[in-house]
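**Student:** Have a look at this one before I ask anything.
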Amino acid sequence: MCGRYADFVAYQDMVEAFSLATDADDGRLLPPSFNVAPMHRVHIVRATKAARTLDVATWGLVPSWAKDPAIGARMINARVETVADKPSFRAAFARRRCIVPASGYYEWRTDASGKQPFFIHTADGSPLAFAGLVEAWRHGAADDWLITCAIVTTAARGDLQSLHDRQPVMMRTEAWRTWLDPASGKDDLLAATADDAPALVWHEVDTAVGNVRINTPELVEPTS
């Protein structure tokens with residue numbers, strides 16, 4: 001986890017939720033998606049000393065030292081337990097962190113009858129803030145930069161353990177402010193990932209979400 005999520009947050013809601021600097025046209029960078037999958041282009045929130053901005057990255061982190069960007073398909077998640085030390089993620093953890101906004105995410109619970117997907121979202125409908133990492137990669141000096149990201153995960157907590165043993169790190173306001181702050185040190189960053197997630201609810205959804213070619217609002221609707 002996390003391997004599939006939805007982002008249909010209205011642009012203005014993201015501006016308000018993350019106190020973003022707005023562009024003149026106030027337009028969304030990407031259209032709504034109800035089935036975001038690895039290697040898709042996704043929204044990310046980044047911070048500088050001057051402002052927080054909404055940008056776009058490819059989901060699947062490509063380290064700066066990679067020889068082939070295809071490695072990104074295996075780098076969609078970074079485990080919080082090793083993120084500060086693992087060569088693939090430690091530079092981004094130290095210097096290039098982001099928030100990945102989401103409307104909710106999908107998780108599959110496996111039992112004797114098979115796999116049943118659930119849609120997990122905040123109880124009040126506010127955007128989720130996944131802790132993320134950002135990297136920039138290019139093949140050569142004359143090539144364009146490829147901006148990629150990964151979502152940080154942790155051990156599942158509370159009732160979420162009934163669905164899966166992992167969950168994305170979902171941050172409340174003070175935690176994501178610390179996460180985005182360029183001045184935050186390792187201890188503060190790891191403490192921020194340990195904070196409680198916002199209040200969550202979930203429901204069963206149709207197995208059609210397993211097909212990445214299907215991307216309709218019905219995917220997030222309860223099956224019963």
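Chain identifiers are assigned as A, B, and so on, following the order in which chains appear in the structure tokens; residues are numbered from 1 within each chain, and ligands are numbered from 1 in order of appearance.
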Tell me, as a ChimeraX atom specification, which residues lie within 8 Å of Gly3 in chain A, counting only C-alpha atoms; anything in the same chain fewer than 2 positions away does not count.

**Tutor:** /A:1,5,37-38,76,106

**Student:** Could those selected residues go to a file with C-alpha atoms, as a CSV table (one decimal), in the first residue's frame?

**Tutor:**
chain,number,residue,atom,x,y,z
A,1,MET,CA,0.0,0.0,0.0
A,5,TYR,CA,-6.1,6.1,-5.2
A,37,ALA,CA,-2.4,4.0,-10.8
A,38,PRO,CA,1.4,3.8,-10.7
A,76,ILE,CA,5.8,3.9,-5.9
A,106,TYR,CA,-8.3,1.9,-2.4

**Student:** Return as a ChimeraX atom specification the full set of residues in range 8-179 of chain A whose backbone-based DSSP assignment is helix (DSSP H, G or I).

**Tutor:** /A:11-18,69-74,90-95,158-162,173-179

**Student:** Residues of range 51-105 of chain A within 7 Å of range 142-153 of chain A: nearest atom pair and distance (Å, one decimal) for each, counting only C-alpha atoms, sorted by chain and number, as a Markdown table?

**Tutor:**
| residue | atom | partner | partner_atom | distance |
| --- | --- | --- | --- | --- |
| A:Ala57 | CA | A:Thr148 | CA | 4.8 |
| A:Thr58 | CA | A:Thr148 | CA | 4.5 |
| A:Trp59 | CA | A:Cys149 | CA | 5.1 |
| A:Gly60 | CA | A:Cys149 | CA | 5.5 |
| A:Leu61 | CA | A:Cys149 | CA | 4.6 |
| A:Val62 | CA | A:Thr148 | CA | 6.2 |
| A:Met75 | CA | A:Ala150 | CA | 6.5 |
| A:Ile76 | CA | A:Ala150 | CA | 4.7 |
| A:Asn77 | CA | A:Ile151 | CA | 4.8 |
| A:Ala78 | CA | A:Val152 | CA | 4.7 |
| A:Arg79 | CA | A:Thr153 | CA | 5.0 |
| A:Val80 | CA | A:Thr153 | CA | 5.8 |

**Student:** Please, could you write that set of residues out with N, CA and C atoms as a PDB file, in the first residue's frame?

**Tutor:**
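Written out: result.pdb:
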ATOM      1  N   ALA A  57       3.737  15.398 -11.053  1.00  0.00           N
ATOM      2  CA  ALA A  57       4.852  14.452 -11.118  1.00  0.00           C
ATOM      3  C   ALA A  57       4.319  13.110 -11.600  1.00  0.00           C
ATOM      4  N   THR A  58       5.211  12.246 -12.028  1.00  0.00           N
ATOM      5  CA  THR A  58       4.849  10.871 -12.371  1.00  0.00           C
ATOM      6  C   THR A  58       4.979  10.011 -11.123  1.00  0.00           C
ATOM      7  N   TRP A  59       3.957   9.205 -10.847  1.00  0.00           N
ATOM      8  CA  TRP A  59       3.969   8.382  -9.635  1.00  0.00           C
ATOM      9  C   TRP A  59       4.831   7.136  -9.856  1.00  0.00           C
ATOM     10  N   GLY A  60       5.981   7.134  -9.220  1.00  0.00           N
ATOM     11  CA  GLY A  60       6.975   6.076  -9.359  1.00  0.00           C
ATOM     12  C   GLY A  60       8.336   6.739  -9.370  1.00  0.00           C
ATOM     13  N   LEU A  61       8.977   6.812  -8.210  1.00  0.00           N
ATOM     14  CA  LEU A  61      10.169   7.629  -8.055  1.00  0.00           C
ATOM     15  C   LEU A  61      11.372   7.053  -8.798  1.00  0.00           C
ATOM     16  N   VAL A  62      12.044   7.919  -9.531  1.00  0.00           N
ATOM     17  CA  VAL A  62      13.267   7.556 -10.251  1.00  0.00           C
ATOM     18  C   VAL A  62      14.428   8.287  -9.585  1.00  0.00           C
ATOM     19  N   MET A  75       9.048   1.797  -7.573  1.00  0.00           N
ATOM     20  CA  MET A  75       9.350   2.760  -6.516  1.00  0.00           C
ATOM     21  C   MET A  75       8.141   3.656  -6.213  1.00  0.00           C
ATOM     22  N   ILE A  76       6.954   3.068  -6.198  1.00  0.00           N
ATOM     23  CA  ILE A  76       5.765   3.893  -5.942  1.00  0.00           C
ATOM     24  C   ILE A  76       5.600   4.193  -4.461  1.00  0.00           C
ATOM     25  N   ASN A  77       6.120   3.325  -3.594  1.00  0.00           N
ATOM     26  CA  ASN A  77       6.006   3.502  -2.147  1.00  0.00           C
ATOM     27  C   ASN A  77       7.371   3.485  -1.493  1.00  0.00           C
ATOM     28  N   ALA A  78       7.495   4.230  -0.401  1.00  0.00           N
ATOM     29  CA  ALA A  78       8.713   4.231   0.419  1.00  0.00           C
ATOM     30  C   ALA A  78       8.293   3.914   1.850  1.00  0.00           C
ATOM     31  N   ARG A  79       8.849   2.875   2.437  1.00  0.00           N
ATOM     32  CA  ARG A  79       8.504   2.487   3.804  1.00  0.00           C
ATOM     33  C   ARG A  79       9.119   3.473   4.796  1.00  0.00           C
ATOM     34  N   VAL A  80       8.292   3.986   5.706  1.00  0.00           N
ATOM     35  CA  VAL A  80       8.786   4.978   6.653  1.00  0.00           C
ATOM     36  C   VAL A  80       9.889   4.407   7.528  1.00  0.00           C
TER      37      VAL A  80
END

**Student:** With a distance cut-off of 7 Å and only C-alpha atoms, select the neighbouring residues of Val209 in chain A, excluding the residue or stretch itself and same-chain residues fewer than 4 positions from it, and output the selection as number ranges by chain.

**Tutor:** A: 35, 214, 219

**Student:** If we count only C-alpha atoms and set the cut-off at 7 Å, which residues sit around range 120-126 of chain A, ignoring sequence neighbours fewer than 4 positions away in its own chain? Please answer as a VMD selection string.

**Tutor:** chain A and resid 103 to 106 198 to 203

**Student:** Out of A:Ala47, A:Cys2, A:Leu30, A:Leu160, which residue has the shortest atom-to-atom distance to Arg95 in chain A when counting only C-alpha atoms?

**Tutor:**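 Once distances to Arg95 in chain A are computed over only C-alpha atoms, the minimum belongs to A:Ala47.
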
**Student:** Quick one: distance from CA of Thr178 in chain A to CA of Ala192 in chain A in Å, one decimal?

**Tutor:**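 So the two atoms, CA of Thr178 in chain A and CA of Ala192 in chain A, lie 6.7 Å apart.
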
**Student:** Could you tell me how far CA of Gly132 in chain A lies from CA of Cys98 in chain A, in Å and to one decimal?

**Tutor:**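 Here the two named atoms are 4.8 Å from each other.
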
**Student:** Find the residues around Ala208 in chain A up to 12 Å (only C-alpha atoms counted), leave out those fewer than 6 positions away in its own chain, and share them as a list of chain:residue names.

**Tutor:**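 Listing them by chain and then by number gives A:Phe34, A:Asn35, A:Tyr106, A:Lys115, A:Gln116, A:Pro117, A:Phe118, A:Ile214, A:Asn215, A:Thr216, A:Pro217, A:Glu218, A:Leu219, A:Val220, A:Glu221, A:Thr223.
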
**Student:** Please produce a file of the residues just selected, as a PDB file, in the first residue's frame, where the atoms kept are N, CA and C atoms.

**Tutor:**
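What follows is the written file selection03.pdb:
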ATOM      1  N   PHE A  34     -10.523   8.966 -10.860  1.00  0.00           N
ATOM      2  CA  PHE A  34     -11.101   8.066  -9.874  1.00  0.00           C
ATOM      3  C   PHE A  34     -10.335   6.752  -9.794  1.00  0.00           C
ATOM      4  N   ASN A  35      -9.225   6.660 -10.530  1.00  0.00           N
ATOM      5  CA  ASN A  35      -8.452   5.425 -10.564  1.00  0.00           C
ATOM      6  C   ASN A  35      -7.003   5.754 -10.897  1.00  0.00           C
ATOM      7  N   TYR A 106      -7.748   3.213  -2.380  1.00  0.00           N
ATOM      8  CA  TYR A 106      -8.346   1.880  -2.428  1.00  0.00           C
ATOM      9  C   TYR A 106      -7.447   0.876  -1.721  1.00  0.00           C
ATOM     10  N   LYS A 115     -10.723 -11.299  -3.214  1.00  0.00           N
ATOM     11  CA  LYS A 115     -10.284  -9.948  -2.877  1.00  0.00           C
ATOM     12  C   LYS A 115     -11.434  -8.965  -3.064  1.00  0.00           C
ATOM     13  N   GLN A 116     -11.706  -8.191  -2.019  1.00  0.00           N
ATOM     14  CA  GLN A 116     -12.757  -7.179  -2.069  1.00  0.00           C
ATOM     15  C   GLN A 116     -12.151  -5.797  -1.897  1.00  0.00           C
ATOM     16  N   PRO A 117     -12.326  -4.893  -2.890  1.00  0.00           N
ATOM     17  CA  PRO A 117     -11.782  -3.542  -2.736  1.00  0.00           C
ATOM     18  C   PRO A 117     -12.658  -2.655  -1.860  1.00  0.00           C
ATOM     19  N   PHE A 118     -11.999  -1.751  -1.144  1.00  0.00           N
ATOM     20  CA  PHE A 118     -12.664  -0.750  -0.319  1.00  0.00           C
ATOM     21  C   PHE A 118     -12.132   0.627  -0.709  1.00  0.00           C
ATOM     22  N   ILE A 214     -10.568   1.668 -16.511  1.00  0.00           N
ATOM     23  CA  ILE A 214     -11.865   2.194 -16.077  1.00  0.00           C
ATOM     24  C   ILE A 214     -11.612   3.356 -15.119  1.00  0.00           C
ATOM     25  N   ASN A 215     -12.181   4.499 -15.422  1.00  0.00           N
ATOM     26  CA  ASN A 215     -11.948   5.701 -14.614  1.00  0.00           C
ATOM     27  C   ASN A 215     -13.220   6.542 -14.605  1.00  0.00           C
ATOM     28  N   THR A 216     -14.179   6.124 -13.796  1.00  0.00           N
ATOM     29  CA  THR A 216     -15.478   6.787 -13.727  1.00  0.00           C
ATOM     30  C   THR A 216     -15.853   7.033 -12.270  1.00  0.00           C
ATOM     31  N   PRO A 217     -16.724   8.007 -12.005  1.00  0.00           N
ATOM     32  CA  PRO A 217     -17.121   8.307 -10.617  1.00  0.00           C
ATOM     33  C   PRO A 217     -17.753   7.131  -9.885  1.00  0.00           C
ATOM     34  N   GLU A 218     -18.338   6.197 -10.634  1.00  0.00           N
ATOM     35  CA  GLU A 218     -18.987   5.057  -9.996  1.00  0.00           C
ATOM     36  C   GLU A 218     -18.003   4.181  -9.201  1.00  0.00           C
ATOM     37  N   LEU A 219     -16.715   4.286  -9.520  1.00  0.00           N
ATOM     38  CA  LEU A 219     -15.731   3.457  -8.836  1.00  0.00           C
ATOM     39  C   LEU A 219     -15.689   3.714  -7.329  1.00  0.00           C
ATOM     40  N   VAL A 220     -15.982   4.935  -6.903  1.00  0.00           N
ATOM     41  CA  VAL A 220     -15.888   5.265  -5.481  1.00  0.00           C
ATOM     42  C   VAL A 220     -17.220   5.069  -4.750  1.00  0.00           C
ATOM     43  N   GLU A 221     -18.266   4.699  -5.474  1.00  0.00           N
ATOM     44  CA  GLU A 221     -19.580   4.553  -4.864  1.00  0.00           C
ATOM     45  C   GLU A 221     -19.704   3.214  -4.140  1.00  0.00           C
ATOM     46  N   THR A 223     -21.031  -0.369  -3.011  1.00  0.00           N
ATOM     47  CA  THR A 223     -21.708  -1.419  -3.791  1.00  0.00           C
ATOM     48  C   THR A 223     -23.032  -1.801  -3.178  1.00  0.00           C
TER      49      THR A 223
END

**Student:** So, counting only C-alpha atoms, which residue among A:Gly114, A:Pro101, A:Pro182, A:Gly210 is closest to Asp13 in chain A?

**Tutor:**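 Of A:Gly114, A:Pro101, A:Pro182, A:Gly210, the one nearest Asp13 in chain A is A:Pro101, counting only C-alpha atoms.
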
**Student:** Among range 44-80 of chain A, which residues carry a DSSP assignment of strand (DSSP E), reported as an NGL selection string?

**Tutor:** :A and (44-47 or 52-59 or 77-79)

**Student:** Could you save those same residues with C-alpha atoms as a PDB file, in the first residue's frame?

**Tutor:**
ATOM      1  CA  ILE A  44       1.921  17.077  -5.671  1.00  0.00           C
ATOM      2  CA  VAL A  45       2.252  19.986  -3.243  1.00  0.00           C
ATOM      3  CA  ARG A  46       5.747  21.367  -2.732  1.00  0.00           C
ATOM      4  CA  ALA A  47       7.085  24.178  -0.573  1.00  0.00           C
ATOM      5  CA  ARG A  52       3.492  26.298  -1.474  1.00  0.00           C
ATOM      6  CA  THR A  53       2.672  25.309  -5.025  1.00  0.00           C
ATOM      7  CA  LEU A  54       0.655  22.630  -6.790  1.00  0.00           C
ATOM      8  CA  ASP A  55       2.761  20.743  -9.332  1.00  0.00           C
ATOM      9  CA  VAL A  56       2.640  17.523 -11.354  1.00  0.00           C
ATOM     10  CA  ALA A  57       4.852  14.452 -11.118  1.00  0.00           C
ATOM     11  CA  THR A  58       4.849  10.871 -12.371  1.00  0.00           C
ATOM     12  CA  TRP A  59       3.969   8.382  -9.635  1.00  0.00           C
ATOM     13  CA  ASN A  77       6.006   3.502  -2.147  1.00  0.00           C
ATOM     14  CA  ALA A  78       8.713   4.231   0.419  1.00  0.00           C
ATOM     15  CA  ARG A  79       8.504   2.487   3.804  1.00  0.00           C
TER      16      ARG A  79
END

**Student:** Closest to Ser19 in chain A among A:Arg213, A:Arg90, A:Arg177, A:Lys186, using only C-alpha atoms?

**Tutor:** A:Arg177

**Student:** Given only C-alpha atoms as the basis, pick out the residue of A:Ala6, A:Ala17, A:Ala94, A:Val36 nearest to Ala183 in chain A.

**Tutor:**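 Of A:Ala6, A:Ala17, A:Ala94, A:Val36, the one nearest Ala183 in chain A, counting only C-alpha atoms, is A:Ala94.
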